[in-house]
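Structure below is input_30.txt: compact mmCIF, C-alpha atoms.
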```txt
# COMPACT_ATOMS: atom_id res chain seq x y z
CA MET K 756 -10.58 -2.70 30.58
CA ILE K 757 -13.93 -2.07 32.17
CA CYS K 758 -13.74 1.52 31.05
CA ASN K 759 -14.03 0.38 27.43
CA SER K 760 -10.89 2.24 26.40
CA ALA K 761 -9.08 1.32 23.20
CA THR K 762 -5.53 2.45 22.55
CA ALA K 763 -2.67 1.40 20.30
CA PHE K 764 1.05 2.02 20.37
CA ARG K 765 4.03 1.24 18.22
CA ALA K 766 5.45 -1.76 20.07
CA GLU K 767 9.06 -0.76 19.72
CA VAL K 768 11.48 1.35 21.74
CA ASP K 769 14.97 2.21 20.53
CA GLY K 770 14.69 -0.40 17.80
CA ARG K 771 13.71 -3.17 20.20
CA ARG K 772 10.36 -4.86 19.68
CA LEU K 773 8.28 -5.28 22.81
CA SER K 774 5.35 -7.55 23.63
CA PHE K 775 2.93 -6.92 26.46
CA GLU K 776 0.65 -8.58 28.99
CA GLU K 777 -1.97 -7.05 31.25
CA GLU K 778 -0.78 -7.02 34.87
CA GLY K 779 -3.02 -4.93 37.05
CA ILE K 780 -4.95 -1.73 37.53
CA TRP K 781 -4.02 1.87 38.25
CA GLY K 782 -6.35 4.81 38.05
CA GLY K 783 -9.12 2.35 37.26
CA VAL K 784 -7.52 1.25 33.99
CA PHE K 785 -5.01 -1.45 33.32
CA VAL K 786 -1.25 -1.41 33.30
CA MET K 787 0.81 -3.87 31.29
CA ARG K 788 4.31 -5.27 31.54
CA ASP K 789 6.59 -5.92 28.62
CA ARG K 790 8.22 -9.34 28.57
CA GLU K 791 11.53 -8.10 27.24
CA THR K 792 12.56 -5.59 29.94
CA GLY K 793 9.98 -6.11 32.69
CA THR K 794 8.92 -2.47 32.51
CA LEU K 795 5.40 -1.55 33.63
CA TRP K 796 3.49 0.62 31.15
CA SER K 797 0.21 2.52 31.22
CA HIS K 798 -2.09 1.22 28.51
CA TYR K 799 -3.86 4.58 28.71
CA THR K 800 -0.94 6.87 27.89
CA GLY K 801 1.81 4.53 26.72
CA GLU K 802 4.15 5.78 29.42
CA ALA K 803 6.69 3.55 31.11
CA VAL K 804 5.73 4.13 34.72
CA GLN K 805 7.98 1.70 36.59
CA GLY K 806 11.01 -0.39 35.68
CA PRO K 807 14.06 -0.16 33.41
CA ALA K 808 12.38 1.95 30.72
CA ALA K 809 10.65 4.35 33.17
CA GLY K 810 10.50 7.83 31.74
CA THR K 811 10.07 6.79 28.13
CA SER K 812 6.84 6.58 26.16
CA LEU K 813 5.52 4.38 23.42
CA GLN K 814 4.57 6.10 20.18
CA TRP K 815 0.81 6.66 20.10
CA GLU K 816 -1.18 5.35 17.13
CA GLN K 817 -4.65 6.52 16.24
CA VAL K 818 -7.32 3.85 16.72
CA HIS K 819 -10.45 4.07 14.61
CA ARG K 820 -13.39 2.45 16.33
CA MET K 821 -15.95 1.66 13.66
CA ARG K 822 -18.38 -0.92 12.41
CA THR K 823 -17.26 -3.51 9.86
CA SER K 824 -19.23 -1.91 7.06
CA ARG K 825 -17.53 1.46 7.67
CA ALA K 826 -14.11 -0.13 8.06
CA LEU K 827 -14.42 -1.90 4.72
CA ASP K 828 -15.43 1.38 3.18
CA ALA K 829 -12.49 3.32 4.64
CA PHE K 830 -9.89 0.54 4.51
CA PRO K 831 -11.00 -1.92 1.80
CA SER K 832 -7.75 -3.90 1.86
CA ALA K 833 -7.60 -4.17 5.66
CA LEU K 834 -6.49 -7.43 7.21
CA THR K 835 -7.66 -9.04 10.43
CA PRO K 836 -6.22 -11.82 12.57
CA ALA K 837 -7.24 -15.24 11.34
CA PRO K 838 -10.43 -16.18 13.20
CA SER K 839 -8.73 -19.28 14.59
CA SER K 840 -6.36 -17.01 16.56
CA LEU K 841 -9.15 -15.06 18.25
CA ALA K 842 -10.72 -16.07 21.52
CA PRO K 843 -14.49 -16.32 21.66
CA GLY K 844 -15.79 -12.80 21.81
CA ARG K 845 -17.28 -11.02 24.75
CA ARG K 846 -20.21 -8.73 24.34
CA VAL K 847 -19.29 -5.07 24.79
CA ALA K 848 -21.82 -2.28 25.00
CA ALA K 849 -21.37 0.18 22.17
CA LYS K 850 -21.43 3.24 24.40
CA GLY K 851 -19.69 1.93 27.45
CA ARG K 852 -21.00 -0.19 30.25
CA GLY K 853 -22.76 2.39 32.32
CA ASP K 854 -26.20 0.96 31.75
CA ALA K 855 -25.20 -2.46 33.07
CA LEU K 856 -23.06 -1.23 35.95
CA GLY K 857 -24.93 1.81 37.12
CA ASP K 858 -22.34 3.85 38.94
CA GLY K 859 -20.49 0.83 40.26
CA LEU K 860 -17.01 -0.56 39.78
CA PRO K 861 -15.53 -3.94 40.71
CA GLY K 862 -14.06 -3.84 44.19
CA ALA K 863 -10.41 -4.05 43.12
CA PHE K 864 -10.76 -0.98 40.93
CA VAL K 865 -11.94 1.51 43.52
CA PRO K 866 -8.77 1.84 45.67
CA THR K 867 -6.73 2.50 42.53
CA LEU K 868 -8.70 5.70 41.97
CA GLY K 869 -7.10 7.21 45.06
CA PRO K 870 -8.77 8.52 48.24
CA PRO K 871 -12.58 8.55 47.86
CA GLN K 872 -12.80 12.23 48.74
CA LYS K 873 -10.52 13.02 45.79
CA GLU K 874 -12.53 11.17 43.17
CA ASP K 875 -13.80 13.61 40.58
CA ARG K 876 -17.58 13.14 40.37
CA ARG K 877 -18.43 16.02 38.08
CA LEU K 878 -19.74 13.35 35.70
CA PRO K 879 -21.06 9.84 36.36
CA ARG K 880 -18.26 7.28 36.47
CA HIS K 881 -19.37 5.54 33.30
CA GLU K 882 -20.04 8.63 31.23
CA HIS K 883 -18.46 7.66 27.92
CA GLY K 884 -16.55 10.24 25.96
CA LEU K 885 -13.47 11.33 24.10
CA GLY K 886 -10.53 12.39 26.21
CA LEU K 887 -8.15 14.72 24.38
CA PHE K 888 -4.69 15.71 25.45
CA VAL K 889 -2.83 18.29 23.49
CA ALA K 890 -0.09 20.76 24.40
CA GLY K 891 -0.40 19.95 28.10
CA SER K 892 -4.18 20.51 28.22
CA HIS K 893 -6.75 17.81 28.91
CA ARG K 894 -10.38 17.98 27.83
CA PHE K 895 -13.22 15.46 28.00
CA TYR K 896 -16.07 15.43 25.46
CA PRO K 897 -19.04 13.32 26.60
CA LEU K 898 -20.31 11.42 23.56
CA ASP K 899 -23.91 12.30 24.32
CA ARG K 900 -23.02 16.00 24.07
CA LEU K 901 -20.99 15.46 20.90
CA GLN K 902 -23.92 13.68 19.27
CA ARG K 903 -26.02 16.83 19.60
CA ARG K 904 -23.55 18.76 17.47
CA ALA K 905 -21.72 16.09 15.41
CA LEU K 906 -18.80 18.48 14.97
CA VAL K 907 -17.09 20.71 17.54
CA GLN K 908 -14.43 23.29 16.72
CA GLU K 909 -12.51 25.14 19.37
CA GLU K 910 -9.06 25.83 20.73
CA VAL K 911 -7.54 23.52 23.33
CA GLY K 912 -4.17 24.45 24.76
CA GLY K 913 -3.86 27.07 22.04
CA VAL K 914 -4.36 24.48 19.29
CA ALA K 915 -7.28 24.72 16.85
CA VAL K 916 -9.04 21.35 17.02
CA ALA K 917 -11.98 19.66 15.34
CA VAL K 918 -13.76 16.88 17.22
CA LEU K 919 -15.94 14.75 15.01
CA VAL K 920 -18.40 12.13 16.15
CA GLN K 921 -18.24 8.84 14.26
CA ASP K 922 -20.60 6.05 13.32
CA GLY K 923 -23.71 6.11 15.47
CA GLY K 924 -22.18 8.33 18.10
CA GLU K 925 -20.22 5.38 19.47
CA ALA K 926 -16.83 6.95 18.92
CA ALA K 927 -15.20 10.22 18.04
CA ALA K 928 -11.89 11.50 16.74
CA ALA K 929 -9.95 14.73 17.16
CA TYR K 930 -7.82 16.47 14.54
CA GLY K 931 -5.72 19.57 14.27
CA ARG K 932 -7.27 22.12 11.90
CA CYS K 933 -3.99 23.53 10.62
CA VAL K 934 -3.33 22.48 7.02
CA ASP K 935 -0.46 23.98 5.04
CA GLY K 936 -0.19 26.81 7.54
CA VAL K 937 -3.87 27.77 7.34
CA THR K 938 -6.42 27.14 10.09
CA LEU K 939 -9.43 25.56 8.43
CA SER K 940 -12.99 25.92 9.67
CA PHE K 941 -15.46 23.16 8.95
CA GLU K 942 -19.14 22.52 8.46
CA SER K 943 -20.80 19.18 9.07
CA ALA K 944 -21.59 17.36 5.86
CA ALA K 945 -22.34 13.95 4.46
CA HIS K 946 -20.40 12.35 1.64
CA GLU K 947 -21.84 9.32 -0.15
CA GLY K 948 -23.70 8.35 2.99
CA ARG K 949 -20.68 8.79 5.22
CA ILE K 950 -20.07 11.24 8.06
CA ALA K 951 -17.93 14.03 6.70
CA MET K 952 -17.15 17.71 6.93
CA THR K 953 -16.40 20.46 4.43
CA ASP K 954 -13.86 23.21 4.99
CA ARG K 955 -15.09 26.73 4.28
CA GLU K 956 -11.75 27.89 2.94
CA THR K 957 -11.49 25.51 -0.04
CA GLY K 958 -14.68 23.44 -0.06
CA SER K 959 -12.70 20.24 0.34
CA VAL K 960 -14.56 17.26 1.80
CA TRP K 961 -12.99 15.40 4.73
CA LEU K 962 -14.07 12.04 6.11
CA SER K 963 -14.16 11.18 9.80
CA THR K 964 -10.84 9.38 9.33
CA GLY K 965 -9.30 12.79 8.56
CA LEU K 966 -8.77 12.03 4.88
CA ALA K 967 -9.79 14.60 2.25
CA VAL K 968 -11.66 12.84 -0.54
CA ALA K 969 -12.73 15.77 -2.72
CA GLY K 970 -11.70 19.33 -3.49
CA PRO K 971 -8.32 21.08 -3.58
CA HIS K 972 -7.07 19.18 -0.52
CA LYS K 973 -8.02 15.76 -1.92
CA GLY K 974 -5.56 13.16 -0.64
CA ALA K 975 -4.44 15.27 2.34
CA GLN K 976 -4.74 13.92 5.85
CA LEU K 977 -5.63 15.94 8.93
CA THR K 978 -3.23 15.36 11.81
CA PRO K 979 -4.91 13.19 14.43
CA LEU K 980 -4.58 14.50 17.99
CA ARG K 981 -3.78 12.22 20.83
CA SER K 982 -7.08 11.11 22.28
CA ILE K 983 -8.92 8.14 23.71
CA VAL K 984 -12.57 7.07 23.85
CA THR K 985 -13.07 6.10 27.45
CA ASP K 986 -15.20 6.27 30.59
CA TRP K 987 -15.02 9.36 32.77
CA TYR K 988 -13.69 7.71 35.92
CA GLY K 989 -10.43 6.58 34.31
CA TRP K 990 -9.89 9.88 32.54
CA ALA K 991 -10.55 11.88 35.71
CA ALA K 992 -8.23 9.66 37.75
CA TYR K 993 -5.41 10.26 35.29
CA PHE K 994 -5.97 13.94 34.57
CA ALA K 995 -7.18 15.71 37.68
CA ARG K 996 -7.40 19.15 36.11
CA THR K 997 -9.25 18.13 32.97
CA THR K 998 -11.85 20.47 31.57
CA ILE K 999 -15.19 19.19 30.26
CA TYR K 1000 -16.84 20.19 27.02
CA GLU K 1001 -20.26 21.76 27.54
CA ALA K 1002 -22.69 21.79 24.65
CA VAL K 1003 -24.62 24.98 25.20
CA THR K 1004 -26.15 25.81 21.84
CA ALA K 1005 -28.63 24.31 19.45
CA PRO K 1006 -27.88 21.08 17.57
CA THR K 1007 -25.87 21.27 14.39
CA ARG K 1008 -27.16 19.67 11.25
CA PRO K 1009 -25.23 18.85 8.10
CA GLY K 1010 -24.68 22.04 6.15
CA SER K 1011 -24.91 24.37 9.12
CA ALA K 1012 -22.15 26.16 10.94
CA PRO K 1013 -21.24 24.68 14.31
CA MET M 745 4.68 67.78 5.45
CA ARG M 746 3.23 67.18 8.91
CA SER M 747 -0.30 67.04 7.53
CA LEU M 748 0.77 64.50 4.92
CA PHE M 749 2.22 62.35 7.70
CA LEU M 750 -1.03 62.55 9.67
CA VAL M 751 -3.03 61.58 6.60
CA LEU M 752 -0.80 58.55 6.09
CA VAL M 753 -1.14 57.49 9.74
CA ALA M 754 -4.92 57.87 9.57
CA ALA M 755 -5.09 55.84 6.36
CA LEU M 756 -3.04 53.01 7.82
CA SER M 757 -5.05 52.99 11.05
CA ALA M 758 -8.27 52.68 9.08
CA ALA M 759 -7.09 49.61 7.18
CA PRO M 760 -9.38 46.68 7.97
CA PRO M 761 -7.85 43.80 9.96
CA ALA M 762 -8.51 41.43 7.05
CA ALA M 763 -5.96 43.34 4.97
CA ARG M 764 -3.17 42.26 7.32
CA ALA M 765 -1.36 39.03 6.59
CA ALA M 766 -2.62 36.19 8.74
CA GLU M 767 -0.17 34.40 11.01
CA PRO M 768 0.40 30.87 9.73
CA CYS M 769 -0.93 28.29 12.17
CA PRO M 770 1.53 25.86 13.76
CA ASP M 771 1.69 22.25 12.68
CA VAL M 772 0.39 20.31 15.70
CA ARG M 773 3.04 17.66 15.11
CA SER M 774 5.61 20.20 16.26
CA ILE M 775 3.87 20.70 19.61
CA VAL M 776 5.34 18.65 22.42
CA THR M 777 2.79 17.08 24.74
CA PRO M 778 4.40 16.61 28.15
CA ARG M 779 4.19 13.35 30.01
CA PRO M 780 0.83 13.58 31.72
CA THR M 781 0.85 10.92 34.41
CA ASP M 782 1.90 11.12 38.01
CA PHE M 783 2.02 7.39 38.58
CA GLY M 784 1.51 6.36 42.18
CA SER M 785 2.64 2.77 42.52
CA LYS M 786 1.15 2.61 46.01
CA GLU M 787 -2.30 2.93 44.47
CA ALA M 788 -1.74 0.32 41.77
CA TRP M 789 -3.21 -3.13 42.15
CA LEU M 790 -0.80 -5.56 40.52
CA HIS M 791 -1.16 -9.30 40.07
CA GLU M 792 0.83 -12.13 38.57
CA PRO M 793 0.92 -12.18 34.76
CA GLY M 794 -1.24 -14.69 32.96
CA TRP M 795 -4.73 -13.62 34.00
CA PHE M 796 -5.49 -12.78 30.40
CA THR M 797 -4.02 -14.27 27.24
CA PRO M 798 -2.76 -11.65 24.78
CA LEU M 799 -3.64 -12.09 21.15
CA GLU M 800 -0.53 -13.06 19.23
CA THR M 801 -0.61 -14.30 15.69
CA GLU M 802 1.25 -14.28 12.40
CA GLN M 803 -1.83 -15.34 10.47
CA TYR M 804 -4.02 -12.69 8.92
CA VAL M 805 -6.91 -12.79 6.48
CA PRO M 806 -8.68 -10.05 4.49
CA LEU M 807 -11.27 -8.28 6.59
CA ALA M 808 -13.68 -8.61 3.70
CA SER M 809 -13.64 -12.40 4.03
CA ALA M 810 -13.58 -12.67 7.82
CA GLY M 811 -17.32 -13.05 8.16
CA TYR M 812 -17.84 -10.42 10.83
CA GLY M 813 -21.29 -8.91 10.71
CA GLY M 814 -21.60 -5.48 9.17
CA ASP M 815 -22.48 -4.01 12.56
CA ALA M 816 -19.63 -5.69 14.43
CA GLN M 817 -17.44 -3.08 16.10
CA LEU M 818 -13.79 -3.07 15.18
CA LEU M 819 -10.62 -1.33 16.24
CA VAL M 820 -8.57 -0.30 13.21
CA VAL M 821 -5.01 0.98 13.03
CA GLU M 822 -3.62 2.22 9.73
CA HIS M 823 0.05 2.69 8.96
CA GLY M 824 1.82 3.24 5.68
CA GLY M 825 -1.18 2.31 3.57
CA HIS M 826 -1.86 -0.90 5.49
CA ALA M 827 -4.66 -1.40 7.98
CA LEU M 828 -5.35 -4.02 10.62
CA ALA M 829 -8.77 -4.52 12.21
CA ILE M 830 -9.55 -6.46 15.38
CA PRO M 831 -13.07 -7.06 16.73
CA VAL M 832 -13.81 -5.19 19.96
CA SER M 833 -15.50 -8.31 21.31
CA SER M 834 -12.23 -10.25 21.02
CA MET M 835 -10.21 -7.44 22.55
CA ALA M 836 -12.55 -7.51 25.54
CA TYR M 837 -11.18 -11.00 26.20
CA HIS M 838 -7.51 -10.58 25.24
CA HIS M 839 -7.09 -6.94 26.41
CA VAL M 840 -3.74 -6.85 24.62
CA ALA M 841 -2.89 -7.80 21.02
CA ASN M 842 0.78 -8.05 20.05
CA VAL M 843 0.46 -7.83 16.27
CA HIS M 844 1.84 -5.99 13.31
CA VAL M 845 0.34 -3.71 10.69
CA GLY M 846 1.58 -4.44 7.21
CA ARG M 847 4.62 -6.63 6.95
CA ASP M 848 6.72 -5.39 9.83
CA TYR M 849 5.24 -2.49 11.80
CA PRO M 850 4.77 -3.81 15.36
CA VAL M 851 1.70 -2.50 17.15
CA ALA M 852 0.17 -3.25 20.52
CA PHE M 853 -3.61 -2.86 20.56
CA THR M 854 -4.99 -2.53 24.07
CA PHE M 855 -8.54 -2.51 25.39
```

In structure tokens, write the structure found in this file.
Amino acid sequence: MICNSATAFRAEVDGRRLSFEEEGIWGGVFVMRDRETGTLWSHYTGEAVQGPAAGTSLQWEQVHRMRTSRALDAFPSALTPAPSSLAPGRRVAAKGRGDALGDGLPGAFVPTLGPPQKEDRRLPRHEHGLGLFVAGSHRFYPLDRLQRRALVQEEVGGVAVAVLVQDGGEAAAAYGRCVDGVTLSFESAAHEGRIAMTDRETGSVWLSTGLAVAGPHKGAQLTPLRSIVTDWYGWAAYFARTTIYEAVTAPTRPGSAP
Amino acid sequence: MRSLFLVLVAALSAAPPAARAAEPCPDVRSIVTPRPTDFGSKEAWLHEPGWFTPLETEQYVPLASAGYGGDAQLLVVEHGGHALAIPVSSMAYHHVANVHVGRDYPVAFTF
């Protein structure tokens, strides 16, 4: 919602198709109810939080946030809803709404964050970034810090991850670095004008969608890790013990080791 | 005999770490991520449904012919070789899209 958070889930549980409507706010981000069972779900995590299906989760799907030109490049046969089915668009800031809102939130949002003294203010509320949850660990990568490096490689929850900034720094994606039982290490690269990375082990070239387009791994797909591009306040309200990525070294340029 | 044993031990100890077989890394798909949320319904602000109209359609057109500008931001989900793209600007109105990717893979986009 106002936190500019895009998610997607397989809309099916136990073989039953579900359809959803927005129905309120919790933790500063919206919750939705399915029409078929009346269950309330978090749009942030896909968890059934109240109602008949409580305790189950929707299957997470990776969402690529990208410009049309990039999308046509990566998915040339993609479809889109017929324009007649779309409501008139609303303008959305590419990097969140912090500039327009300052540090503010609409009045109805604030109580859903919990007691004011518990609100995590390590970052400004509208700091936009990638929230990653893997193996029970939660980590937030501010996009501004990611832009300085383009590619970050580290271990989170014991899992070797690569976090790659996309487009003009407006989004990012996280992938596991384990391929065929080998932990790959990457260098930033460019491939035919696109953001990419090359693994040092085989020299294969990987796009920001996780697809290898050249080298021995051509055609392989890195495993996307569950993550969401979002504003800090929603992430911090959901995951109180989240860690924050700190960029402490010099910028990385294509061809250099991060 | 004892000296031969000591020589063997010394030789093995001096072997560089790189000579040892590396442990294969685990496939992240096998790692279970626990449910992360402690949902407090007392803190939720709920309202009647109908404030926003979800996007629901059975009509799709090729992205290449949709006429979105090259810089328009999209949300794209890919499944089984099919991809569906929805403009961010439209999702900011609908908040939820009950759609499918390919012929029959139901997906809820949310924003």

Between atom CA of M:Glu802 and atom CA of K:Met821, distance in Å (one decimal): 23.5 Å

Pull out every residue of chain K that has at least one atom within 7 Å of chain M, counting all atoms listed in the file, and report them as a PDB file with C-alpha atoms, in the frame of the given file.
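Full text of out20.pdb as output:
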```pdb
ATOM      1  CA  MET K 756     -10.580  -2.700  30.580  1.00  0.00           C
ATOM      2  CA  ASN K 759     -14.030   0.380  27.430  1.00  0.00           C
ATOM      3  CA  SER K 760     -10.890   2.240  26.400  1.00  0.00           C
ATOM      4  CA  ALA K 761      -9.080   1.320  23.200  1.00  0.00           C
ATOM      5  CA  THR K 762      -5.530   2.450  22.550  1.00  0.00           C
ATOM      6  CA  ALA K 763      -2.670   1.400  20.300  1.00  0.00           C
ATOM      7  CA  PHE K 764       1.050   2.020  20.370  1.00  0.00           C
ATOM      8  CA  ARG K 765       4.030   1.240  18.220  1.00  0.00           C
ATOM      9  CA  ALA K 766       5.450  -1.760  20.070  1.00  0.00           C
ATOM     10  CA  GLU K 767       9.060  -0.760  19.720  1.00  0.00           C
ATOM     11  CA  SER K 774       5.350  -7.550  23.630  1.00  0.00           C
ATOM     12  CA  PHE K 775       2.930  -6.920  26.460  1.00  0.00           C
ATOM     13  CA  GLU K 776       0.650  -8.580  28.990  1.00  0.00           C
ATOM     14  CA  GLU K 777      -1.970  -7.050  31.250  1.00  0.00           C
ATOM     15  CA  GLU K 778      -0.780  -7.020  34.870  1.00  0.00           C
ATOM     16  CA  GLY K 779      -3.020  -4.930  37.050  1.00  0.00           C
ATOM     17  CA  ILE K 780      -4.950  -1.730  37.530  1.00  0.00           C
ATOM     18  CA  TRP K 781      -4.020   1.870  38.250  1.00  0.00           C
ATOM     19  CA  HIS K 798      -2.090   1.220  28.510  1.00  0.00           C
ATOM     20  CA  VAL K 804       5.730   4.130  34.720  1.00  0.00           C
ATOM     21  CA  GLN K 817      -4.650   6.520  16.240  1.00  0.00           C
ATOM     22  CA  VAL K 818      -7.320   3.850  16.720  1.00  0.00           C
ATOM     23  CA  HIS K 819     -10.450   4.070  14.610  1.00  0.00           C
ATOM     24  CA  ARG K 820     -13.390   2.450  16.330  1.00  0.00           C
ATOM     25  CA  MET K 821     -15.950   1.660  13.660  1.00  0.00           C
ATOM     26  CA  ARG K 822     -18.380  -0.920  12.410  1.00  0.00           C
ATOM     27  CA  THR K 823     -17.260  -3.510   9.860  1.00  0.00           C
ATOM     28  CA  SER K 824     -19.230  -1.910   7.060  1.00  0.00           C
ATOM     29  CA  LEU K 827     -14.420  -1.900   4.720  1.00  0.00           C
ATOM     30  CA  PHE K 830      -9.890   0.540   4.510  1.00  0.00           C
ATOM     31  CA  SER K 832      -7.750  -3.900   1.860  1.00  0.00           C
ATOM     32  CA  ALA K 833      -7.600  -4.170   5.660  1.00  0.00           C
ATOM     33  CA  LEU K 834      -6.490  -7.430   7.210  1.00  0.00           C
ATOM     34  CA  THR K 835      -7.660  -9.040  10.430  1.00  0.00           C
ATOM     35  CA  PRO K 836      -6.220 -11.820  12.570  1.00  0.00           C
ATOM     36  CA  ALA K 837      -7.240 -15.240  11.340  1.00  0.00           C
ATOM     37  CA  SER K 840      -6.360 -17.010  16.560  1.00  0.00           C
ATOM     38  CA  LEU K 841      -9.150 -15.060  18.250  1.00  0.00           C
ATOM     39  CA  ALA K 842     -10.720 -16.070  21.520  1.00  0.00           C
ATOM     40  CA  PRO K 843     -14.490 -16.320  21.660  1.00  0.00           C
ATOM     41  CA  GLY K 844     -15.790 -12.800  21.810  1.00  0.00           C
ATOM     42  CA  ARG K 845     -17.280 -11.020  24.750  1.00  0.00           C
ATOM     43  CA  ARG K 846     -20.210  -8.730  24.340  1.00  0.00           C
ATOM     44  CA  VAL K 847     -19.290  -5.070  24.790  1.00  0.00           C
ATOM     45  CA  PRO K 866      -8.770   1.840  45.670  1.00  0.00           C
ATOM     46  CA  THR K 867      -6.730   2.500  42.530  1.00  0.00           C
ATOM     47  CA  GLY K 869      -7.100   7.210  45.060  1.00  0.00           C
ATOM     48  CA  VAL K 889      -2.830  18.290  23.490  1.00  0.00           C
ATOM     49  CA  ALA K 890      -0.090  20.760  24.400  1.00  0.00           C
ATOM     50  CA  GLY K 891      -0.400  19.950  28.100  1.00  0.00           C
ATOM     51  CA  GLY K 931      -5.720  19.570  14.270  1.00  0.00           C
ATOM     52  CA  CYS K 933      -3.990  23.530  10.620  1.00  0.00           C
ATOM     53  CA  GLY K 936      -0.190  26.810   7.540  1.00  0.00           C
ATOM     54  CA  VAL K 937      -3.870  27.770   7.340  1.00  0.00           C
ATOM     55  CA  THR K 938      -6.420  27.140  10.090  1.00  0.00           C
ATOM     56  CA  TYR K 993      -5.410  10.260  35.290  1.00  0.00           C
TER      57      TYR K 993
END
```

Contact residues around K:Ile950 with all atoms listed in the file at 8 Å, ignoring same-chain residues under 6 positions, as number ranges by chain: K: 921-922, 944, 962-963

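With distances taken from (-22.7, 13.1, 21.6) and restricted to only C-alpha atoms, the residues inside 10 Å are His883, Gly884, Leu885, Tyr896, Pro897, Leu898, Asp899, Arg900, Leu901, Gln902, Arg903, Arg904, Ala905, Leu906, Leu919, Val920, Gln921, Gly923, Gly924, Glu925, Ala926, Ala927 and Ala1002 of chain K.
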
Computed interatomic separation between atom CA of K:Ser797 and atom CA of K:Thr998 (Å): 21.6 Å

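Atom CA of K:Tyr988 sits 24.7 Å away from atom CA of K:Ala809.
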
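In this comparison, which uses all atoms listed in the file, the residue of K:Gly965, K:Gly912, K:Gly806, K:Gly782 approaching K:Arg894 most closely is K:Gly912.
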
Which centre and which edge lengths, in Å to one decimal, describe the axis-aligned box that holds all listed atoms of stretch 768-776 of chain M after 8 Å is added on each side, as JSON?
```
{"center_x": 2.3, "center_y": 24.3, "center_z": 16.1, "size_x": 22.5, "size_y": 29.2, "size_z": 28.7}
```
